[in-house]
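K.L.:
start-v3.cif (mmCIF, C-alpha atoms) pasted underneath:
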```cif
data_input
#
loop_
_atom_site.label_atom_id
_atom_site.label_comp_id
_atom_site.auth_asym_id
_atom_site.auth_seq_id
_atom_site.Cartn_x
_atom_site.Cartn_y
_atom_site.Cartn_z
CA MET A 1 75.14 65.58 88.05
CA ILE A 2 75.27 69.22 87.07
CA ASP A 3 76.05 69.91 83.44
CA LYS A 4 79.28 71.83 83.30
CA LYS A 5 79.43 74.69 80.84
CA SER A 6 82.11 74.41 78.23
CA ILE A 7 84.36 77.40 77.76
CA LEU A 8 86.47 78.62 74.87
CA ILE A 9 89.29 81.02 75.73
CA ILE A 10 90.55 83.02 72.76
CA ASN A 11 94.11 84.21 73.30
CA GLN A 12 95.09 87.20 71.19
CA SER A 13 97.85 88.73 73.32
CA ALA A 14 101.60 88.18 73.14
CA PRO A 15 103.30 87.03 76.38
CA TYR A 16 105.50 89.18 78.68
CA GLY A 17 104.42 92.56 77.23
CA SER A 18 101.24 92.46 79.29
CA SER A 19 99.79 90.20 81.95
CA LYS A 20 96.93 89.06 79.70
CA ALA A 21 98.57 85.81 78.63
CA ARG A 22 99.12 84.71 82.24
CA GLU A 23 95.69 85.83 83.36
CA SER A 24 94.17 83.80 80.58
CA LEU A 25 95.94 80.63 81.68
CA ASP A 26 94.99 81.33 85.30
CA VAL A 27 91.35 81.36 84.23
CA ALA A 28 91.87 78.19 82.20
CA LEU A 29 93.41 76.33 85.16
CA THR A 30 90.68 77.54 87.50
CA CYS A 31 87.95 76.40 85.12
CA SER A 32 89.63 73.01 84.93
CA ILE A 33 89.58 72.70 88.72
CA PHE A 34 85.82 73.20 88.56
CA GLU A 35 85.76 70.47 85.92
CA MET A 36 84.56 72.74 83.14
CA PRO A 37 85.69 71.55 79.71
CA VAL A 38 88.21 74.14 78.50
CA SER A 39 89.37 74.78 74.93
CA LEU A 40 92.10 77.27 74.11
CA LEU A 41 92.47 79.05 70.79
CA PHE A 42 95.66 81.02 70.14
CA ILE A 43 95.32 83.47 67.27
CA GLY A 44 96.97 86.64 66.02
CA ASP A 45 99.57 87.87 68.51
CA GLY A 46 98.41 85.14 70.89
CA LEU A 47 100.32 82.62 68.84
CA TYR A 48 103.60 84.12 70.12
CA GLN A 49 102.76 82.61 73.53
CA LEU A 50 103.46 79.14 72.13
CA ILE A 51 106.98 79.71 70.79
CA ASN A 52 109.46 77.33 72.43
CA ASN A 53 112.80 78.00 74.19
CA GLN A 54 111.52 80.96 76.20
CA SER A 55 113.95 82.11 78.92
CA PRO A 56 112.66 85.22 80.67
CA ASP A 57 115.17 85.07 83.57
CA ALA A 58 116.55 88.52 82.76
CA LEU A 59 113.03 89.97 82.84
CA ASN A 60 112.46 88.52 86.30
CA MET A 61 109.24 87.01 85.07
CA LYS A 62 107.88 83.51 85.24
CA LYS A 63 108.31 81.41 82.14
CA HIS A 64 105.06 81.39 80.20
CA GLU A 65 106.09 78.20 78.45
CA ALA A 66 106.30 76.42 81.83
CA MET A 67 102.72 77.36 82.66
CA LEU A 68 101.59 76.22 79.22
CA SER A 69 103.26 72.88 79.68
CA ALA A 70 101.19 72.39 82.86
CA LEU A 71 97.93 72.43 80.86
CA PRO A 72 97.88 68.65 80.26
CA MET A 73 98.30 68.11 84.02
CA TYR A 74 95.04 70.04 84.40
CA ASP A 75 93.47 67.87 81.67
CA ILE A 76 93.36 70.77 79.22
CA GLU A 77 94.24 69.20 75.92
CA LYS A 78 92.12 71.04 73.38
CA ILE A 79 94.60 73.62 72.15
CA TYR A 80 94.00 75.12 68.74
CA ILE A 81 95.89 77.38 66.37
CA THR A 82 95.21 78.20 62.75
CA GLU A 83 97.49 77.02 59.97
CA GLU A 84 97.22 80.45 58.39
CA ASP A 85 98.50 82.25 61.53
CA LEU A 86 101.42 79.82 61.94
CA GLU A 87 102.41 80.27 58.31
CA SER A 88 102.08 84.05 58.59
CA ILE A 89 104.79 84.20 61.28
CA GLY A 90 107.04 81.89 59.29
CA LEU A 91 107.24 79.16 61.93
CA THR A 92 106.32 75.49 62.01
CA GLU A 93 104.96 73.13 64.65
CA ASN A 94 108.57 72.29 65.56
CA ASP A 95 108.99 75.83 66.88
CA LEU A 96 106.14 75.45 69.34
CA ALA A 97 106.37 74.63 73.04
CA MET A 98 103.67 71.98 72.96
CA PRO A 99 101.52 69.84 70.70
CA VAL A 100 98.55 71.73 69.27
CA THR A 101 95.66 71.00 66.96
CA LEU A 102 95.97 72.86 63.66
CA ILE A 103 92.69 74.14 62.27
CA GLN A 104 91.76 76.17 59.23
CA ARG A 105 90.84 79.78 59.90
CA ASP A 106 87.26 79.17 58.78
CA ALA A 107 86.81 76.68 61.64
CA ILE A 108 86.91 79.50 64.23
CA ALA A 109 83.16 80.09 63.85
CA SER A 110 82.28 76.52 64.75
CA LEU A 111 84.61 76.62 67.78
CA ILE A 112 82.71 79.67 69.03
CA GLN A 113 79.39 77.97 68.35
CA GLN A 114 80.32 74.68 70.02
CA ASN A 115 81.15 76.24 73.39
CA ASP A 116 78.70 77.60 75.95
CA SER A 117 80.87 80.58 76.85
CA VAL A 118 83.69 82.48 75.17
CA LEU A 119 86.32 84.63 76.88
CA THR A 120 88.96 86.70 75.15
CA PHE A 121 92.32 87.81 76.48
CA MET B 1 74.21 84.11 68.30
CA THR B 2 77.37 86.05 69.01
CA LEU B 3 78.16 89.76 69.17
CA HIS B 4 81.64 90.44 67.81
CA VAL B 5 83.20 93.63 69.18
CA ILE B 6 86.35 94.93 67.49
CA ASN B 7 88.44 97.97 68.42
CA LYS B 8 91.40 98.24 66.01
CA THR B 9 91.79 100.17 62.74
CA PRO B 10 91.16 98.41 59.42
CA GLN B 11 94.94 98.24 58.92
CA ASN B 12 94.95 95.26 61.29
CA LYS B 13 94.07 92.87 58.48
CA SER B 14 94.67 89.58 60.26
CA LEU B 15 92.55 90.65 63.21
CA TYR B 16 89.68 91.39 60.82
CA LEU B 17 90.28 88.10 59.03
CA ASN B 18 90.08 86.18 62.28
CA MET B 19 86.90 87.96 63.27
CA LEU B 20 85.30 87.37 59.88
CA ASN B 21 86.20 83.70 60.15
CA GLY B 22 84.58 83.60 63.56
CA LEU B 23 81.21 84.74 62.20
CA SER B 24 78.16 82.54 62.01
CA SER B 25 74.87 83.38 60.40
CA GLY B 26 72.81 85.70 62.62
CA ASP B 27 75.84 87.20 64.40
CA ALA B 28 76.44 90.94 64.74
CA ILE B 29 79.55 93.11 64.48
CA LEU B 30 80.03 96.26 66.55
CA LEU B 31 82.91 98.61 65.79
CA ILE B 32 84.24 100.53 68.78
CA GLU B 33 87.21 102.86 69.44
CA ASP B 34 89.66 102.91 66.48
CA ALA B 35 87.65 100.24 64.66
CA VAL B 36 85.01 102.82 63.69
CA TYR B 37 87.30 103.85 60.80
CA SER B 38 86.36 100.52 59.23
CA ALA B 39 82.88 101.92 58.66
CA LEU B 40 84.28 104.34 56.06
CA GLU B 41 83.10 103.60 52.54
CA ALA B 42 86.69 103.01 51.39
CA HIS B 43 87.03 100.00 53.70
CA GLN B 44 83.82 98.22 52.79
CA SER B 45 85.72 95.56 50.83
CA LEU B 46 86.51 94.13 54.28
CA PHE B 47 82.85 93.24 54.71
CA LYS B 48 81.95 92.46 51.11
CA ALA B 49 81.45 88.76 51.76
CA LEU B 50 78.77 89.44 54.38
CA SER B 51 75.12 89.59 53.50
CA PRO B 52 73.43 92.58 55.18
CA ASP B 53 70.39 90.46 56.06
CA ASP B 54 72.60 87.95 57.78
CA ILE B 55 75.11 89.96 59.78
CA GLN B 56 74.08 93.16 61.49
CA LEU B 57 76.77 95.88 61.27
CA SER B 58 76.99 98.77 63.71
CA ALA B 59 79.45 101.25 65.14
CA LEU B 60 79.54 103.16 68.42
CA GLU B 61 78.18 106.70 68.12
CA ALA B 62 80.52 108.43 70.57
CA ASP B 63 83.60 107.01 68.83
CA ILE B 64 82.23 107.99 65.41
CA GLN B 65 81.51 111.56 66.50
CA ALA B 66 84.84 111.94 68.27
CA ARG B 67 86.68 111.06 65.07
CA GLY B 68 84.60 113.30 62.78
CA LEU B 69 83.10 110.40 60.87
CA GLU B 70 79.42 111.05 61.40
CA ASP B 71 78.64 112.07 57.79
CA LYS B 72 81.24 109.82 56.17
CA LEU B 73 80.05 106.34 57.09
CA SER B 74 78.93 103.58 54.78
CA PRO B 75 75.12 103.21 54.92
CA ARG B 76 75.64 99.55 55.77
CA PHE B 77 76.52 100.59 59.30
CA SER B 78 74.05 101.83 61.84
CA SER B 79 75.24 104.01 64.64
CA VAL B 80 74.46 102.88 68.21
CA ASN B 81 74.76 104.77 71.47
CA ASP B 82 75.77 103.22 74.80
CA GLN B 83 72.24 102.00 75.43
CA GLY B 84 72.31 100.36 72.01
CA PHE B 85 75.59 98.68 72.98
CA VAL B 86 73.93 97.27 76.10
CA LYS B 87 70.91 96.16 74.08
CA LEU B 88 73.12 94.37 71.55
CA SER B 89 75.00 92.70 74.40
CA CYS B 90 71.76 91.44 75.90
CA GLU B 91 70.40 90.21 72.58
CA HIS B 92 73.37 87.91 72.01
CA ASP B 93 74.27 84.96 74.21
CA LYS B 94 78.01 85.31 73.62
CA ILE B 95 80.26 88.29 73.14
CA VAL B 96 83.70 87.95 71.58
CA SER B 97 86.11 90.88 71.73
CA TRP B 98 88.71 91.14 69.00
CA TYR B 99 91.67 93.37 69.82
CA MET C 1 119.26 86.10 108.65
CA PRO C 2 116.03 84.73 110.10
CA ILE C 3 113.97 82.70 107.71
CA GLU C 4 110.81 84.51 106.64
CA PHE C 5 107.30 83.16 106.25
CA ASP C 6 104.20 84.90 104.95
CA ASP C 7 101.07 85.48 107.04
CA GLU C 8 99.75 82.04 106.21
CA GLY C 9 103.00 80.28 107.04
CA TYR C 10 104.32 79.77 103.50
CA LEU C 11 108.06 80.20 103.01
CA ARG C 12 108.92 83.55 101.36
CA ASP C 13 112.17 82.48 99.70
CA LEU C 14 112.04 79.02 98.15
CA SER C 15 115.82 78.65 98.38
CA ASP C 16 115.60 78.72 102.19
CA TRP C 17 113.99 75.29 102.16
CA SER C 18 115.71 72.19 103.53
CA PRO C 19 114.41 68.74 104.49
CA GLU C 20 115.06 69.64 108.14
CA MET C 21 112.86 72.67 107.79
CA ALA C 22 110.15 70.49 106.25
CA ILE C 23 110.08 68.51 109.49
CA ASP C 24 109.56 71.72 111.48
CA ILE C 25 106.80 73.04 109.23
CA ALA C 26 105.07 69.65 109.25
CA THR C 27 105.26 69.43 113.04
CA ALA C 28 103.59 72.83 113.27
CA GLU C 29 100.84 71.40 111.05
CA GLY C 30 100.51 68.40 113.36
CA ILE C 31 102.10 65.96 110.92
CA SER C 32 105.13 63.80 111.68
CA LEU C 33 106.88 63.19 108.39
CA THR C 34 107.51 59.65 107.15
CA ASP C 35 109.01 58.39 103.91
CA ALA C 36 105.47 58.24 102.52
CA HIS C 37 105.12 61.98 103.11
CA LEU C 38 108.58 62.74 101.76
CA GLU C 39 108.04 61.05 98.41
CA ILE C 40 104.93 63.20 97.87
CA ILE C 41 106.88 66.32 98.83
CA THR C 42 109.54 65.38 96.28
CA VAL C 43 106.88 65.01 93.56
CA VAL C 44 105.47 68.45 94.39
CA ARG C 45 108.88 70.11 94.38
CA GLU C 46 109.62 68.55 90.99
CA PHE C 47 106.23 69.76 89.76
CA TYR C 48 107.13 73.28 90.82
CA GLN C 49 110.51 73.10 89.11
CA THR C 50 108.91 72.01 85.86
CA TYR C 51 105.82 74.19 85.75
CA GLU C 52 106.68 77.10 88.10
CA LEU C 53 103.34 76.47 89.79
CA SER C 54 102.24 74.79 92.99
CA PRO C 55 99.76 72.11 91.95
CA ALA C 56 96.09 72.29 92.92
CA MET C 57 94.48 69.03 93.99
CA ARG C 58 93.64 67.68 90.55
CA PRO C 59 97.11 68.02 89.01
CA LEU C 60 98.65 66.89 92.31
CA VAL C 61 96.75 63.62 92.09
CA LYS C 62 97.78 63.27 88.46
CA ALA C 63 101.46 64.00 89.16
CA VAL C 64 101.59 61.54 92.06
CA SER C 65 99.88 58.94 89.94
CA LEU C 66 102.43 59.40 87.15
CA LYS C 67 105.48 59.33 89.44
CA LEU C 68 104.49 56.92 92.21
CA GLY C 69 101.78 54.80 90.65
CA LYS C 70 98.01 54.71 90.58
CA ASP C 71 97.65 53.36 94.14
CA LYS C 72 99.14 56.54 95.56
CA GLY C 73 97.67 58.86 92.95
CA LYS C 74 94.34 59.06 94.73
CA SER C 75 92.74 61.88 96.70
CA ILE C 76 91.97 59.57 99.59
CA TYR C 77 95.62 58.49 99.96
CA LEU C 78 96.76 62.12 99.97
CA MET C 79 94.00 63.12 102.39
CA LYS C 80 95.24 60.48 104.83
CA LEU C 81 98.82 61.75 104.68
CA PHE C 82 97.94 65.44 104.66
CA PRO C 83 94.51 65.79 106.25
CA GLY C 84 92.40 68.81 105.37
CA SER C 85 93.54 70.36 102.13
CA PRO C 86 96.44 68.24 100.82
CA ALA C 87 97.47 70.58 97.98
CA LYS C 88 97.88 73.53 100.35
CA ILE C 89 99.56 71.59 103.14
CA VAL C 90 102.03 69.78 100.87
CA ALA C 91 102.99 73.10 99.24
CA LYS C 92 103.57 74.63 102.67
CA ILE C 93 105.77 71.77 103.87
CA ALA C 94 107.62 71.67 100.54
CA GLY C 95 108.48 75.36 100.92
CA LEU C 96 106.44 76.39 97.88
CA PRO C 97 103.88 79.17 97.41
CA LYS C 98 100.27 78.49 98.24
CA PRO C 99 98.61 76.97 95.17
CA ASP C 100 96.48 79.41 93.16
CA ASN C 101 93.05 78.37 91.97
CA CYS C 102 92.75 76.02 94.92
CA ILE C 103 89.30 75.36 96.31
#
```
Starting from the file, give its structure as structure tokens.

P.N.:
Amino acid sequence: MIDKKSILIINQSAPYGSSKARESLDVALTCSIFEMPVSLLFIGDGLYQLINNQSPDALNMKKHEAMLSALPMYDIEKIYITEEDLESIGLTENDLAMPVTLIQRDAIASLIQQNDSVLTF
Amino acid sequence: MTLHVINKTPQNKSLYLNMLNGLSSGDAILLIEDAVYSALEAHQSLFKALSPDDIQLSALEADIQARGLEDKLSPRFSSVNDQGFVKLSCEHDKIVSWY
Amino acid sequence: MPIEFDDEGYLRDLSDWSPEMAIDIATAEGISLTDAHLEIITVVREFYQTYELSPAMRPLVKAVSLKLGKDKGKSIYLMKLFPGSPAKIVAKIAGLPKPDNCI
């Protein structure tokens, strides 16, 4: 049994304006297929990815929210945001597309420490 | 140990807050691109909570020179060239980019 | 208008798909479709509608397990119905894009 490296993906980019958000989830899904434990942290502008009721039909783009909702099907369930970031954009958990784990901002350091690799998008 | 690389001006407060909250003892911060303005003395309150023995602070030489900051930096920051960037990257097992 | 396929035989326009076409694509893959195949194809098309993604093997197994029960939600069951690479072959027959991130 090979030990699989755990990976933390830090998402700092808003969806739709660039392809970073989608690329990040592509990496997350691929890591899951190789059975690597994946954690996702959405901070700063990355938090905008999680807002619910997205309908990008007029942009001719795929719905980011749909891809996010596939994460549990790929057994990716460790999804973190900070309470401070959520408060700073004036939204609550009810405005989010999926259940997340709320952490305090000062817990970011231990998330980085706990994982073998860190990627940022 | 983690190398934290940041590239935005000090006006991006929440980005700096997130980075600072991502620090563990023994980590290093490298300022690149527009982030080198954060090495100005006037912005040192950003880093006041950090002990200089604990967190190594540096900024990329080419970006400092380009912006005319060479003689205006806080002494807390050391200037590193591209080779220094590579060396820092090799000395740390993880690199986190904040942008 | 002739119906278009890409170089690997995946349907270009998802709205061109019909159950009759599924039979043709399956035949070309050497599979004669039964109800057992069709219920898997339905699960995969629903997956695509929900997530806008063709499932790779792992989520395919999970989706089948959730919709059709644990007995069918197994790699070996899917391998028997769609020998080779089930996730790719089901997507092709279901008129969906080739799954990304598929080994």

K.L.:
Expressed in Å to a single decimal, how great is the separation between CA of Thr101 in chain A and CA of Gly44 in chain A?

P.N.:
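Spanning CA of Thr101 in chain A to CA of Gly44 in chain A is a straight-line distance of 15.7 Å.
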
K.L.:
If we count only C-alpha atoms and set the cut-off at 12 Å, which residues sit around Lys80 in chain C, ignoring sequence neighbours fewer than 6 positions away in its own chain? Please answer as a compact mmCIF listing (two decimals) with C-alpha atoms, keeping the file's coordinate frame.

P.N.:
```
# COMPACT_ATOMS: atom_id res chain seq x y z
CA ILE C 31 102.10 65.96 110.92
CA ALA C 36 105.47 58.24 102.52
CA HIS C 37 105.12 61.98 103.11
CA LYS C 72 99.14 56.54 95.56
CA LYS C 74 94.34 59.06 94.73
CA PRO C 86 96.44 68.24 100.82
```

K.L.:
Do me a favour and pick out the residues of chain A within 9 Å of chain C, using all atoms listed in the file, as a VMD selection string.

P.N.:
chain A and resid 26 to 27 29 to 34 62 to 63 65 to 70 72 to 75

K.L.:
Mind writing the picked residues with C-alpha atoms as a compact mmCIF listing (two decimals), keeping the file's coordinate frame?

P.N.:
```txt
# COMPACT_ATOMS: atom_id res chain seq x y z
CA ASP A 26 94.99 81.33 85.30
CA VAL A 27 91.35 81.36 84.23
CA LEU A 29 93.41 76.33 85.16
CA THR A 30 90.68 77.54 87.50
CA CYS A 31 87.95 76.40 85.12
CA SER A 32 89.63 73.01 84.93
CA ILE A 33 89.58 72.70 88.72
CA PHE A 34 85.82 73.20 88.56
CA LYS A 62 107.88 83.51 85.24
CA LYS A 63 108.31 81.41 82.14
CA GLU A 65 106.09 78.20 78.45
CA ALA A 66 106.30 76.42 81.83
CA MET A 67 102.72 77.36 82.66
CA LEU A 68 101.59 76.22 79.22
CA SER A 69 103.26 72.88 79.68
CA ALA A 70 101.19 72.39 82.86
CA PRO A 72 97.88 68.65 80.26
CA MET A 73 98.30 68.11 84.02
CA TYR A 74 95.04 70.04 84.40
CA ASP A 75 93.47 67.87 81.67
```

K.L.:
Have a look at CA of Glu91 in chain B and CA of Ser13 in chain A and let me know their distance in Å, one decimal.

P.N.:
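Here the two named atoms are 27.5 Å from each other.
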
K.L.:
Please evaluate the PyMOL selection byres ((chain A and resi 54) around 12) against the structure above and give the resulting residues as a VMD selection string.

P.N.:
chain A and resid 15 to 16 48 to 53 55 to 59 61 to 68 95 to 97

K.L.:
Which residues would end up in the selection if the PyMOL selection byres ((chain A) within 8 of (chain B)) were applied here, given that I need the answer as a PyMOL selection string?

P.N.:
chain A and resi 12+43-44+105-110+112-113+117-120

K.L.:
Leaving out range 61-70 of chain B and any residue of its chain fewer than 4 positions from it, which residues lie within 7 Å of it when counting all atoms listed in the file, given as a list in words?

P.N.:
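Surrounding residues, per the criterion: Ile32, Glu33, Val36, Ser79, Val80 and Asn81 of chain B.
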
K.L.:
Show which residues sit within 9 Å of Glu41 in chain B, as JSON, numbers by chain. Count only C-alpha atoms, and ignore same-chain residues fewer than 3 positions away.

P.N.:
{"B": [38, 44, 45, 72, 73, 74, 75]}
